[in-house]
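A.B. asks: My structure file model33.cif, mmCIF, C-alpha atoms, is below:
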data_data
loop_
_atom_site.label_atom_id
_atom_site.label_comp_id
_atom_site.auth_asym_id
_atom_site.auth_seq_id
_atom_site.Cartn_x
_atom_site.Cartn_y
_atom_site.Cartn_z
CA MET A 998 -10.84 -31.38 -18.43
CA VAL A 999 -8.38 -28.68 -17.49
CA HIS A 1000 -9.77 -26.28 -14.88
CA VAL A 1001 -9.48 -22.68 -16.02
CA GLN A 1002 -9.27 -20.18 -13.18
CA SER A 1003 -11.99 -17.56 -13.49
CA LEU A 1004 -11.03 -13.94 -13.01
CA ASP A 1005 -13.04 -10.93 -11.94
CA PRO A 1006 -11.74 -8.12 -14.18
CA THR A 1007 -13.21 -5.53 -11.81
CA ALA A 1008 -11.26 -6.77 -8.78
CA SER A 1009 -8.03 -4.88 -9.50
CA PRO A 1010 -5.90 -3.55 -12.37
CA LEU A 1011 -3.84 -6.75 -12.18
CA ASP A 1012 -6.97 -8.92 -12.48
CA TYR A 1013 -8.19 -6.88 -15.43
CA TYR A 1014 -4.81 -7.20 -17.14
CA GLY A 1015 -4.82 -11.01 -16.71
CA TRP A 1016 -8.43 -11.28 -17.87
CA GLU A 1017 -7.78 -9.14 -20.95
CA LEU A 1018 -4.57 -11.03 -21.78
CA ARG A 1019 -6.45 -14.33 -21.74
CA ARG A 1020 -9.32 -12.87 -23.79
CA GLN A 1021 -7.01 -11.44 -26.45
CA ARG A 1022 -4.89 -14.60 -26.61
CA GLU A 1023 -7.92 -16.83 -27.05
CA ALA A 1024 -9.42 -14.46 -29.62
CA HIS A 1025 -6.26 -15.01 -31.68
CA GLY A 1026 -6.58 -18.78 -31.29
CA LEU A 1027 -3.32 -19.13 -29.38
CA LYS A 1028 -2.37 -21.40 -26.53
CA GLN A 1029 -0.27 -20.00 -23.70
CA SER A 1030 2.79 -21.85 -24.99
CA GLN A 1031 2.24 -20.49 -28.50
CA LEU A 1032 1.99 -16.90 -27.33
CA GLY A 1033 5.04 -17.45 -25.15
CA GLU A 1034 6.99 -18.68 -28.15
CA ILE A 1035 6.07 -15.57 -30.14
CA ILE A 1036 7.08 -13.12 -27.40
CA PHE A 1037 10.17 -15.09 -26.27
CA CYS A 1038 9.01 -16.32 -22.87
CA THR A 1039 7.54 -19.51 -21.45
CA GLY A 1040 3.90 -20.47 -21.68
CA SER A 1041 4.07 -20.92 -17.93
CA LEU A 1042 4.87 -17.21 -17.48
CA VAL A 1043 1.93 -16.26 -19.71
CA GLY A 1044 -0.29 -18.46 -17.56
CA GLN A 1045 1.01 -17.00 -14.31
CA ILE A 1046 0.33 -13.46 -15.55
CA GLU A 1047 -3.14 -14.42 -16.75
CA THR A 1048 -3.95 -15.77 -13.29
CA THR A 1049 -2.31 -12.83 -11.43
CA LYS A 1050 0.39 -15.03 -9.90
CA LYS A 1051 3.03 -12.87 -11.58
CA VAL A 1052 3.07 -9.14 -12.19
CA PRO A 1053 3.78 -8.31 -15.85
CA THR A 1054 6.57 -5.98 -16.88
CA ARG A 1055 6.49 -3.10 -19.36
CA ASP A 1056 8.72 -5.09 -21.72
CA PHE A 1057 6.30 -8.05 -21.60
CA SER A 1058 3.37 -5.71 -22.29
CA GLU A 1059 5.04 -4.10 -25.30
CA ARG A 1060 5.86 -7.52 -26.76
CA VAL A 1061 2.26 -8.69 -26.29
CA ASP A 1062 0.95 -5.56 -28.02
CA ALA A 1063 3.28 -6.22 -30.96
CA ALA A 1064 2.38 -9.91 -31.15
CA LEU A 1065 -1.39 -9.49 -30.87
CA GLY A 1066 -1.75 -6.16 -32.63
CA THR A 1067 -3.61 -4.65 -29.68
CA ASP A 1068 -2.72 -1.03 -30.50
CA GLY A 1069 -0.82 -0.33 -27.26
CA LEU A 1070 -3.55 -1.69 -24.97
CA PHE A 1071 -1.25 -3.59 -22.65
CA SER A 1072 1.39 -0.86 -22.72
CA ARG A 1073 -1.28 1.51 -21.40
CA LEU A 1074 -2.60 -0.95 -18.84
CA ILE A 1075 0.81 -1.73 -17.37
CA GLY A 1076 1.12 1.71 -15.79
CA LEU A 1077 -2.09 1.14 -13.81
CA VAL A 1078 -1.02 -2.38 -12.88
CA LEU A 1079 2.40 -1.38 -11.59
CA ARG A 1080 1.09 1.62 -9.64
CA SER A 1081 -1.41 -0.71 -7.96
CA GLN A 1082 1.54 -2.73 -6.62
CA LEU A 1083 2.71 0.19 -4.51
CA PRO A 1084 1.76 0.09 -0.82
CA THR A 1085 -1.78 1.41 -0.38
CA TRP A 1086 -0.61 4.24 1.85
CA PHE A 1087 1.94 5.35 -0.77
CA GLN A 1088 -0.34 5.36 -3.82
CA PRO A 1089 -1.87 8.83 -3.20
CA TYR A 1090 1.62 10.34 -3.07
CA ALA A 1091 2.70 8.54 -6.25
CA GLU A 1092 -0.35 9.94 -8.05
CA MET A 1093 0.48 13.48 -6.91
CA GLU A 1094 4.17 13.03 -7.77
CA ALA A 1095 3.23 12.06 -11.33
CA LYS A 1096 1.29 15.34 -11.72
CA ALA A 1097 3.82 17.68 -10.08
CA ALA A 1098 5.46 20.51 -12.00
CA TYR A 1099 8.22 20.90 -9.37
CA ILE A 1100 9.67 18.36 -6.94
CA SER A 1101 11.97 19.42 -4.13
CA THR A 1102 13.25 16.66 -1.86
CA TYR A 1103 15.71 16.26 0.99
CA GLN A 1104 16.83 12.68 1.56
CA ALA A 1105 18.67 11.72 4.74
CA GLN A 1106 18.92 7.94 4.32
CA LEU A 1107 18.51 6.84 0.71
CA VAL A 1108 18.68 8.05 -2.87
CA TYR A 1109 15.31 9.52 -3.89
CA GLY A 1110 13.11 6.85 -5.52
CA LEU A 1111 12.93 8.63 -8.88
CA LEU A 1112 16.74 8.55 -9.14
CA GLN A 1113 17.38 4.98 -7.96
CA THR A 1114 18.84 2.39 -10.28
CA GLU A 1115 16.92 -0.86 -10.51
CA GLU A 1116 19.50 -2.87 -8.58
CA TYR A 1117 19.75 -0.21 -5.83
CA ALA A 1118 15.94 -0.17 -5.58
CA ARG A 1119 15.86 -3.97 -5.35
CA ALA A 1120 18.36 -3.93 -2.48
CA VAL A 1121 16.34 -1.30 -0.63
CA LEU A 1122 12.97 -2.98 -1.16
CA ALA A 1123 14.34 -6.41 -0.21
CA THR A 1124 14.64 -5.14 3.37
CA GLY A 1125 10.83 -4.96 3.62
CA THR A 1126 8.23 -7.62 4.30
CA SER A 1127 6.47 -7.87 0.92
CA ASP A 1128 6.31 -11.26 -0.79
CA ASP A 1129 6.32 -9.61 -4.23
CA LEU A 1130 9.71 -7.96 -4.51
CA GLU A 1131 9.68 -7.87 -8.30
CA GLY A 1132 6.27 -6.17 -8.33
CA LEU A 1133 7.56 -3.46 -6.01
CA VAL A 1134 10.72 -2.97 -8.07
CA GLY A 1135 8.65 -2.73 -11.24
CA ALA A 1136 6.37 -0.17 -9.59
CA ARG A 1137 9.34 1.95 -8.52
CA MET A 1138 10.80 1.87 -12.01
CA GLU A 1139 7.41 2.82 -13.44
CA ARG A 1140 7.34 5.91 -11.19
CA GLN A 1141 10.51 7.09 -12.87
CA ARG A 1142 8.77 7.43 -16.23
CA VAL A 1143 7.61 10.85 -15.07
CA LEU A 1144 11.19 12.02 -15.71
CA GLU A 1145 10.99 10.79 -19.30
CA ARG A 1146 8.10 13.06 -20.26
CA GLU A 1147 8.64 15.71 -22.93
CA GLN A 1148 8.44 18.28 -20.12
CA PRO A 1149 9.28 16.47 -16.88
CA PRO A 1150 8.97 18.10 -13.46
CA LEU A 1151 11.85 20.30 -12.38
CA THR A 1152 13.40 18.03 -9.75
CA CYS A 1153 15.73 19.42 -7.09
CA VAL A 1154 17.34 16.82 -4.82
CA VAL A 1155 19.44 17.42 -1.71
CA LEU A 1156 21.14 14.23 -0.49
CA ASP A 1157 22.78 13.95 2.88
CA GLU A 1158 26.36 12.77 2.37
CA ALA A 1159 25.48 9.74 4.51
CA VAL A 1160 23.33 8.53 1.60
CA LEU A 1161 26.43 8.29 -0.58
CA LEU A 1162 28.48 6.55 2.10
CA ARG A 1163 25.95 3.80 2.83
CA PRO A 1164 26.87 0.83 0.57
CA VAL A 1165 23.34 -0.28 -0.31
CA GLY A 1166 23.59 -3.47 -2.35
CA GLY A 1167 27.39 -3.53 -2.09
CA HIS A 1168 30.21 -1.57 -3.71
CA ALA A 1169 29.42 -2.44 -7.33
CA VAL A 1170 25.75 -1.44 -6.97
CA MET A 1171 26.72 1.82 -5.27
CA ARG A 1172 29.28 2.65 -7.92
CA ARG A 1173 26.65 2.31 -10.63
CA GLN A 1174 24.15 4.25 -8.52
CA LEU A 1175 26.57 7.15 -8.12
CA ALA A 1176 27.29 7.06 -11.85
CA HIS A 1177 23.55 7.33 -12.45
CA LEU A 1178 23.34 10.34 -10.14
CA LEU A 1179 26.06 12.03 -12.17
CA GLU A 1180 24.21 11.26 -15.37
CA VAL A 1181 20.84 12.61 -14.23
CA SER A 1182 22.37 15.67 -12.57
CA GLY A 1183 23.53 16.69 -16.01
CA HIS A 1184 19.97 16.82 -17.30
CA ARG A 1185 18.27 20.17 -17.74
CA TRP A 1186 15.38 19.26 -15.45
CA THR A 1187 17.26 17.61 -12.60
CA GLN A 1188 19.55 19.14 -9.97
CA VAL A 1189 21.45 17.09 -7.38
CA GLN A 1190 23.21 18.66 -4.39
CA VAL A 1191 25.01 16.97 -1.51
CA LEU A 1192 24.77 18.20 2.07
CA PRO A 1193 28.27 17.43 3.45
CA ASN A 1194 28.79 15.88 6.87
CA GLU A 1195 30.97 18.81 7.89
CA VAL A 1196 27.85 21.03 8.05
CA GLY A 1197 27.06 19.42 11.41
CA GLU A 1198 23.62 20.18 12.81
CA HIS A 1199 21.07 21.46 10.29
CA VAL A 1200 17.32 22.00 9.77
CA GLY A 1201 16.87 18.60 8.12
CA LEU A 1202 17.83 16.52 11.14
CA ALA A 1203 14.17 15.65 11.72
CA GLY A 1204 14.22 13.54 8.56
CA SER A 1205 13.49 13.37 4.85
CA PHE A 1206 10.65 15.24 3.18
CA ASN A 1207 9.31 15.98 -0.30
CA LEU A 1208 7.70 19.21 -1.42
CA LEU A 1209 5.53 19.04 -4.55
CA ARG A 1210 4.38 22.09 -6.49
CA PHE A 1211 1.72 22.09 -9.19
CA ASP A 1212 0.48 24.38 -11.94
CA ASP A 1213 -3.15 24.06 -10.85
CA HIS A 1214 -3.17 22.55 -7.35
CA PRO A 1215 -2.03 23.67 -3.89
CA ASP A 1216 1.49 22.66 -2.88
CA VAL A 1217 1.86 19.40 -0.96
CA ILE A 1218 4.40 18.28 1.63
CA TYR A 1219 5.05 14.55 2.11
CA THR A 1220 6.83 12.79 4.96
CA GLU A 1221 7.13 9.16 6.09
CA ASP A 1222 7.38 7.35 9.37
CA VAL A 1223 8.25 3.71 9.96
CA ILE A 1224 5.01 2.27 8.58
CA SER A 1225 3.19 4.93 6.55
CA GLY A 1226 3.33 8.24 4.72
CA HIS A 1227 1.67 11.58 5.41
CA MET A 1228 0.65 14.31 2.96
CA THR A 1229 -0.67 17.76 3.76
CA ALA A 1230 -1.43 20.98 1.92
CA ASN A 1231 -1.61 23.04 5.10
CA PRO A 1232 -0.24 26.50 4.15
CA GLY A 1233 1.68 26.93 7.41
CA THR A 1234 3.34 23.54 7.05
CA ILE A 1235 4.18 24.26 3.41
CA ARG A 1236 5.83 27.58 4.33
CA GLU A 1237 7.90 25.93 7.06
CA ALA A 1238 8.98 23.12 4.71
CA ALA A 1239 9.90 25.58 1.95
CA LEU A 1240 11.99 27.62 4.40
CA ARG A 1241 13.79 24.51 5.63
CA TYR A 1242 14.44 23.35 2.10
CA ALA A 1243 15.89 26.73 1.13
CA ARG A 1244 18.27 26.52 4.10
CA LEU A 1245 19.29 22.99 3.18
CA GLN A 1246 20.04 24.06 -0.37
CA ALA A 1247 22.08 26.99 0.91
CA ALA A 1248 24.12 24.72 3.20
CA ALA A 1249 24.64 22.05 0.52
CA LEU A 1250 27.49 21.97 -1.96
CA SER A 1251 26.85 23.53 -5.36
CA VAL A 1252 25.68 21.23 -8.15
CA GLU A 1253 29.20 21.28 -9.61
CA ASP A 1254 30.95 20.59 -6.30
CA SER A 1255 28.41 17.89 -5.49
CA ALA A 1256 29.23 16.15 -8.77
CA GLY A 1257 32.91 16.38 -7.86
CA LEU A 1258 32.28 14.73 -4.48
CA ILE A 1259 30.18 11.98 -6.06
CA SER A 1260 32.92 11.32 -8.61
CA ARG A 1261 35.58 11.10 -5.90
CA LEU A 1262 33.50 8.69 -3.84
CA MET A 1263 32.96 6.50 -6.90
CA GLU A 1264 36.72 6.00 -7.16
CA GLU A 1265 37.95 6.27 -3.58
CA ARG A 1266 35.13 4.40 -1.82
CA TYR A 1267 33.53 2.25 -4.49
CA GLY A 1268 36.26 1.91 -7.10
CA HIS A 1269 37.83 -1.45 -7.85
CA ARG A 1270 40.94 -0.64 -5.81
CA SER A 1271 38.87 0.21 -2.74
CA GLN A 1272 37.08 -3.14 -2.64
CA PRO A 1273 38.46 -5.74 -0.24
CA GLU A 1274 40.44 -8.47 -1.93
CA GLU A 1275 38.95 -11.93 -1.89
CA GLN A 1276 40.71 -14.31 0.46
CA PRO A 1277 42.06 -17.45 -1.19
CA VAL A 1278 40.15 -20.61 -0.44
CA ALA A 1279 42.21 -22.98 1.70
#
Kindly return the structure encoded in the file as structure tokens.
C.D. replies:
Amino acid sequence: MVHVQSLDPTASPLDYYGWELRRQREAHGLKQSQLGEIIFCTGSLVGQIETTKKVPTRDFSERVDAALGTDGLFSRLIGLVLRSQLPTWFQPYAEMEAKAAYISTYQAQLVYGLLQTEEYARAVLATGTSDDLEGLVGARMERQRVLEREQPPLTCVVLDEAVLLRPVGGHAVMRRQLAHLLEVSGHRWTQVQVLPNEVGEHVGLAGSFNLLRFDDHPDVIYTEDVISGHMTANPGTIREAALRYARLQAAALSVEDSAGLISRLMEERYGHRSQPEEQPVA
């Protein structure tokens, strides 16, 4: 007799997803291999997701909904599942970010998470210690769905020029990341500015920070250290952060000039001609 792993659907969103997937599959009289055939994946993958050994994707969830006629059940569940894959200390911020009406962020090291391409995000997250890289990447991509809403948050991003010069993932990945920045900066709800190196010392030298504003909630400021994140709604801290952000915006290039700099770096630093030629194999 084949041993079937029991699941506690109350243990976590991932456990509930796996439990519900197994229940729905069995209710339709399908084996794992049969369901896999219908949704164009292996039965092994279906089994791994049912037993929480693999984190499902949004694409997988949409295909299951279509195959089993579950009226969007798994497409709704996947958001909860992917958010649960975020580090515990980061989840409160992600929940607040998803509700924000305005997001203002200064980033000194990396492209802001909501604007990262999948391959850039994978390169960044691979530097951590998690054993589930794909789960973290999926969670980061899920966060970005907030920008796809009918009325997304007004998102203002100031990037230190060093962010654009750091070849995260290599030249090809950075070229596509910069192209993505140009694309999103053309959207009505997103504004990208670059703080050039020539500015020298500035009020953001202490590090990156995010300022969230809401229609029906006090403003929140978020910062990170090496191992955790910190959120506060302290009015004095919010005022200081807002003042610093205003000064950073004033010192940064205009949106148009920032796009020009990004375009130049795409060609001069990350274009095909700028990449080192491969050495012939002896």
A.B. asks: Just checking: using only C-alpha atoms, which residue out of A:Glu1115, A:Glu1023, A:Glu1145, A:Glu1221 ends up closest to A:Ala1095?
C.D. replies: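 Smallest separation from A:Ala1095 among the options: A:Glu1145.
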A.B. asks: For the file shown, what are the residues hit by the PyMOL selection byres ((chain A and resi 1166-1182) around 6), laid out as a PyMOL selection string?
C.D. replies: chain A and resi 1114+1120+1164-1165+1183-1184+1187-1189+1263+1267
A.B. asks: Would you output that residue set with C-alpha atoms, as a PDB file, in the coordinates of the input?
C.D. replies:
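Result written to result.pdb:
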ATOM      1  CA  THR A1114      18.840   2.390 -10.280  1.00  0.00           C
ATOM      2  CA  ALA A1120      18.360  -3.930  -2.480  1.00  0.00           C
ATOM      3  CA  PRO A1164      26.870   0.830   0.570  1.00  0.00           C
ATOM      4  CA  VAL A1165      23.340  -0.280  -0.310  1.00  0.00           C
ATOM      5  CA  GLY A1183      23.530  16.690 -16.010  1.00  0.00           C
ATOM      6  CA  HIS A1184      19.970  16.820 -17.300  1.00  0.00           C
ATOM      7  CA  THR A1187      17.260  17.610 -12.600  1.00  0.00           C
ATOM      8  CA  GLN A1188      19.550  19.140  -9.970  1.00  0.00           C
ATOM      9  CA  VAL A1189      21.450  17.090  -7.380  1.00  0.00           C
ATOM     10  CA  MET A1263      32.960   6.500  -6.900  1.00  0.00           C
ATOM     11  CA  TYR A1267      33.530   2.250  -4.490  1.00  0.00           C
TER      12      TYR A1267
END
A.B. asks: Could you tell me, as a count of residues only, which residues have any atom at most 8 Å from (25.1, 23.4, 3.2), counting all atoms listed in the file?
C.D. replies: 11
A.B. asks: Considering all atoms listed in the file, state which residue in the set A:Val1134, A:Ala1159, A:Leu1042, A:Leu1011 is at the smallest distance from A:Glu1195.
C.D. replies: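 Comparing A:Val1134, A:Ala1159, A:Leu1042, A:Leu1011 against A:Glu1195, the winner is A:Ala1159.
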A.B. asks: Just say which residues the PyMOL selection byres ((chain A and resi 1104) around 10) picks in this file, as a ChimeraX atom specification.
C.D. replies: /A:1102-1103,1105-1110,1154-1160,1191-1192,1201,1204-1207
A.B. asks: Using the chain letters and numbering of this document, enumerate as a ChimeraX atom specification the residues selected by the PyMOL selection byres ((chain A and resi 1046-1057) around 9).
C.D. replies: /A:1002-1004,1011-1012,1014-1019,1036,1038,1041-1045,1058-1062,1071-1072,1075-1076,1078-1079,1082,1129,1131-1132,1135,1139
A.B. asks: Would you put the residues from that selection into a file with C-alpha atoms, as a CSV table (one decimal), in the coordinates of the input?
C.D. replies:
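Written out: result-v3.csv:
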chain,number,residue,atom,x,y,z
A,1002,GLN,CA,-9.3,-20.2,-13.2
A,1003,SER,CA,-12.0,-17.6,-13.5
A,1004,LEU,CA,-11.0,-13.9,-13.0
A,1011,LEU,CA,-3.8,-6.8,-12.2
A,1012,ASP,CA,-7.0,-8.9,-12.5
A,1014,TYR,CA,-4.8,-7.2,-17.1
A,1015,GLY,CA,-4.8,-11.0,-16.7
A,1016,TRP,CA,-8.4,-11.3,-17.9
A,1017,GLU,CA,-7.8,-9.1,-21.0
A,1018,LEU,CA,-4.6,-11.0,-21.8
A,1019,ARG,CA,-6.4,-14.3,-21.7
A,1036,ILE,CA,7.1,-13.1,-27.4
A,1038,CYS,CA,9.0,-16.3,-22.9
A,1041,SER,CA,4.1,-20.9,-17.9
A,1042,LEU,CA,4.9,-17.2,-17.5
A,1043,VAL,CA,1.9,-16.3,-19.7
A,1044,GLY,CA,-0.3,-18.5,-17.6
A,1045,GLN,CA,1.0,-17.0,-14.3
A,1058,SER,CA,3.4,-5.7,-22.3
A,1059,GLU,CA,5.0,-4.1,-25.3
A,1060,ARG,CA,5.9,-7.5,-26.8
A,1061,VAL,CA,2.3,-8.7,-26.3
A,1062,ASP,CA,1.0,-5.6,-28.0
A,1071,PHE,CA,-1.2,-3.6,-22.6
A,1072,SER,CA,1.4,-0.9,-22.7
A,1075,ILE,CA,0.8,-1.7,-17.4
A,1076,GLY,CA,1.1,1.7,-15.8
A,1078,VAL,CA,-1.0,-2.4,-12.9
A,1079,LEU,CA,2.4,-1.4,-11.6
A,1082,GLN,CA,1.5,-2.7,-6.6
A,1129,ASP,CA,6.3,-9.6,-4.2
A,1131,GLU,CA,9.7,-7.9,-8.3
A,1132,GLY,CA,6.3,-6.2,-8.3
A,1135,GLY,CA,8.6,-2.7,-11.2
A,1139,GLU,CA,7.4,2.8,-13.4
A.B. asks: Just give me the gap between atom CA of A:Ala1118 and atom CA of A:His1227 in Å, one decimal is fine.
C.D. replies: 21.5 Å
A.B. asks: What's the separation between atom CA of A:Trp1186 and atom CA of A:Tyr1099, in Å to one decimal place?
C.D. replies: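 Taking atom CA of A:Trp1186 as the start and atom CA of A:Tyr1099 as the end point, the length is 9.5 Å.
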A.B. asks: Of the candidates A:Val1200, A:Val1252, A:Ala1239, A:Ala1063, which one gets nearest to A:Val1217 if we count only C-alpha atoms?
C.D. replies: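 Between A:Val1200, A:Val1252, A:Ala1239, A:Ala1063, the residue approaching A:Val1217 most closely is A:Ala1239.
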A.B. asks: Which distance in Å separates atom CA of A:Tyr1090 and atom CA of A:Leu1111, to one decimal?
C.D. replies: 12.8 Å
A.B. asks: Which of these, A:Val1223, A:Met1228, A:Leu1161, A:Cys1153, has the shortest distance to A:Ser1101 once you count all atoms listed in the file?
C.D. replies: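 Closest to A:Ser1101, using all atoms listed in the file: A:Cys1153.
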A.B. asks: My list of candidates is A:Asp1212, A:Ile1100, A:Pro1150, A:Ser1260. Which is closest to A:Tyr1242 when distances are computed with all atoms listed in the file?
C.D. replies: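 Distance minimum relative to A:Tyr1242 lands on A:Ile1100.
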A.B. asks: Which one of A:Gly1233, A:Pro1010, A:Gly1268, A:Gly1257 sits closest to A:Leu1077 if you count only C-alpha atoms?
C.D. replies: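 So, comparing all the options, the nearest one is A:Pro1010.
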A.B. asks: Just add all heavy atoms to stretch 1211-1220 of chain A and send it as an mmCIF file, in the coordinates of the input.
C.D. replies:
data_model
loop_
_atom_site.group_PDB
_atom_site.id
_atom_site.type_symbol
_atom_site.label_atom_id
_atom_site.label_comp_id
_atom_site.auth_asym_id
_atom_site.auth_seq_id
_atom_site.Cartn_x
_atom_site.Cartn_y
_atom_site.Cartn_z
ATOM 1 N N PHE A 1211 2.540 22.382 -8.023
ATOM 2 C CA PHE A 1211 1.720 22.090 -9.190
ATOM 3 C C PHE A 1211 1.331 23.368 -9.914
ATOM 4 O O PHE A 1211 1.344 24.448 -9.338
ATOM 5 C CB PHE A 1211 0.440 21.340 -8.760
ATOM 6 C CG PHE A 1211 0.704 20.101 -7.949
ATOM 7 C CD1 PHE A 1211 0.880 20.174 -6.572
ATOM 8 C CD2 PHE A 1211 0.792 18.868 -8.558
ATOM 9 C CE1 PHE A 1211 1.133 19.031 -5.815
ATOM 10 C CE2 PHE A 1211 1.046 17.722 -7.820
ATOM 11 C CZ PHE A 1211 1.219 17.808 -6.450
ATOM 12 N N ASP A 1212 0.952 23.225 -11.175
ATOM 13 C CA ASP A 1212 0.480 24.380 -11.940
ATOM 14 C C ASP A 1212 -0.937 24.763 -11.541
ATOM 15 O O ASP A 1212 -1.312 25.933 -11.627
ATOM 16 C CB ASP A 1212 0.526 24.065 -13.441
ATOM 17 C CG ASP A 1212 1.958 23.947 -13.951
ATOM 18 O OD1 ASP A 1212 2.847 24.634 -13.394
ATOM 19 O OD2 ASP A 1212 2.182 23.173 -14.902
ATOM 20 N N ASP A 1213 -1.736 23.786 -11.122
ATOM 21 C CA ASP A 1213 -3.150 24.060 -10.850
ATOM 22 C C ASP A 1213 -3.657 23.352 -9.600
ATOM 23 O O ASP A 1213 -4.797 22.898 -9.539
ATOM 24 C CB ASP A 1213 -3.997 23.631 -12.053
ATOM 25 C CG ASP A 1213 -3.753 22.172 -12.449
ATOM 26 O OD1 ASP A 1213 -2.948 21.506 -11.767
ATOM 27 O OD2 ASP A 1213 -4.359 21.718 -13.434
ATOM 28 N N HIS A 1214 -2.801 23.254 -8.586
ATOM 29 C CA HIS A 1214 -3.170 22.550 -7.350
ATOM 30 C C HIS A 1214 -2.320 23.120 -6.231
ATOM 31 O O HIS A 1214 -1.166 23.499 -6.444
ATOM 32 C CB HIS A 1214 -2.923 21.046 -7.519
ATOM 33 C CG HIS A 1214 -3.439 20.206 -6.396
ATOM 34 N ND1 HIS A 1214 -2.776 20.097 -5.178
ATOM 35 C CD2 HIS A 1214 -4.551 19.449 -6.277
ATOM 36 C CE1 HIS A 1214 -3.471 19.290 -4.389
ATOM 37 N NE2 HIS A 1214 -4.544 18.886 -5.025
ATOM 38 N N PRO A 1215 -2.846 23.195 -5.015
ATOM 39 C CA PRO A 1215 -2.030 23.670 -3.890
ATOM 40 C C PRO A 1215 -0.788 22.803 -3.689
ATOM 41 O O PRO A 1215 -0.791 21.606 -3.978
ATOM 42 C CB PRO A 1215 -2.981 23.563 -2.694
ATOM 43 C CG PRO A 1215 -4.345 23.593 -3.280
ATOM 44 C CD PRO A 1215 -4.240 22.911 -4.605
ATOM 45 N N ASP A 1216 0.277 23.414 -3.186
ATOM 46 C CA ASP A 1216 1.490 22.660 -2.880
ATOM 47 C C ASP A 1216 1.196 21.581 -1.847
ATOM 48 O O ASP A 1216 0.264 21.691 -1.043
ATOM 49 C CB ASP A 1216 2.574 23.594 -2.331
ATOM 50 C CG ASP A 1216 3.034 24.613 -3.352
ATOM 51 O OD1 ASP A 1216 2.644 24.497 -4.522
ATOM 52 O OD2 ASP A 1216 3.785 25.526 -2.973
ATOM 53 N N VAL A 1217 2.023 20.533 -1.876
ATOM 54 C CA VAL A 1217 1.860 19.400 -0.960
ATOM 55 C C VAL A 1217 3.203 19.067 -0.336
ATOM 56 O O VAL A 1217 4.231 19.063 -1.021
ATOM 57 C CB VAL A 1217 1.287 18.167 -1.701
ATOM 58 C CG1 VAL A 1217 1.400 16.908 -0.847
ATOM 59 C CG2 VAL A 1217 -0.164 18.397 -2.109
ATOM 60 N N ILE A 1218 3.196 18.767 0.954
ATOM 61 C CA ILE A 1218 4.400 18.280 1.630
ATOM 62 C C ILE A 1218 4.167 16.827 2.028
ATOM 63 O O ILE A 1218 3.083 16.458 2.486
ATOM 64 C CB ILE A 1218 4.753 19.136 2.873
ATOM 65 C CG1 ILE A 1218 6.046 18.651 3.532
ATOM 66 C CG2 ILE A 1218 3.627 19.146 3.875
ATOM 67 C CD1 ILE A 1218 7.281 19.017 2.798
ATOM 68 N N TYR A 1219 5.175 15.981 1.822
ATOM 69 C CA TYR A 1219 5.050 14.550 2.110
ATOM 70 C C TYR A 1219 6.187 14.106 3.016
ATOM 71 O O TYR A 1219 7.357 14.422 2.764
ATOM 72 C CB TYR A 1219 5.084 13.740 0.814
ATOM 73 C CG TYR A 1219 5.108 12.238 1.014
ATOM 74 C CD1 TYR A 1219 3.941 11.536 1.290
ATOM 75 C CD2 TYR A 1219 6.306 11.527 0.925
ATOM 76 C CE1 TYR A 1219 3.962 10.155 1.465
ATOM 77 C CE2 TYR A 1219 6.334 10.157 1.102
ATOM 78 C CZ TYR A 1219 5.162 9.472 1.372
ATOM 79 O OH TYR A 1219 5.194 8.110 1.560
ATOM 80 N N THR A 1220 5.842 13.376 4.060
ATOM 81 C CA THR A 1220 6.830 12.790 4.960
ATOM 82 C C THR A 1220 6.444 11.337 5.233
ATOM 83 O O THR A 1220 5.306 10.933 4.992
ATOM 84 C CB THR A 1220 6.916 13.548 6.293
ATOM 85 O OG1 THR A 1220 5.615 13.537 6.919
ATOM 86 C CG2 THR A 1220 7.367 14.984 6.082
#
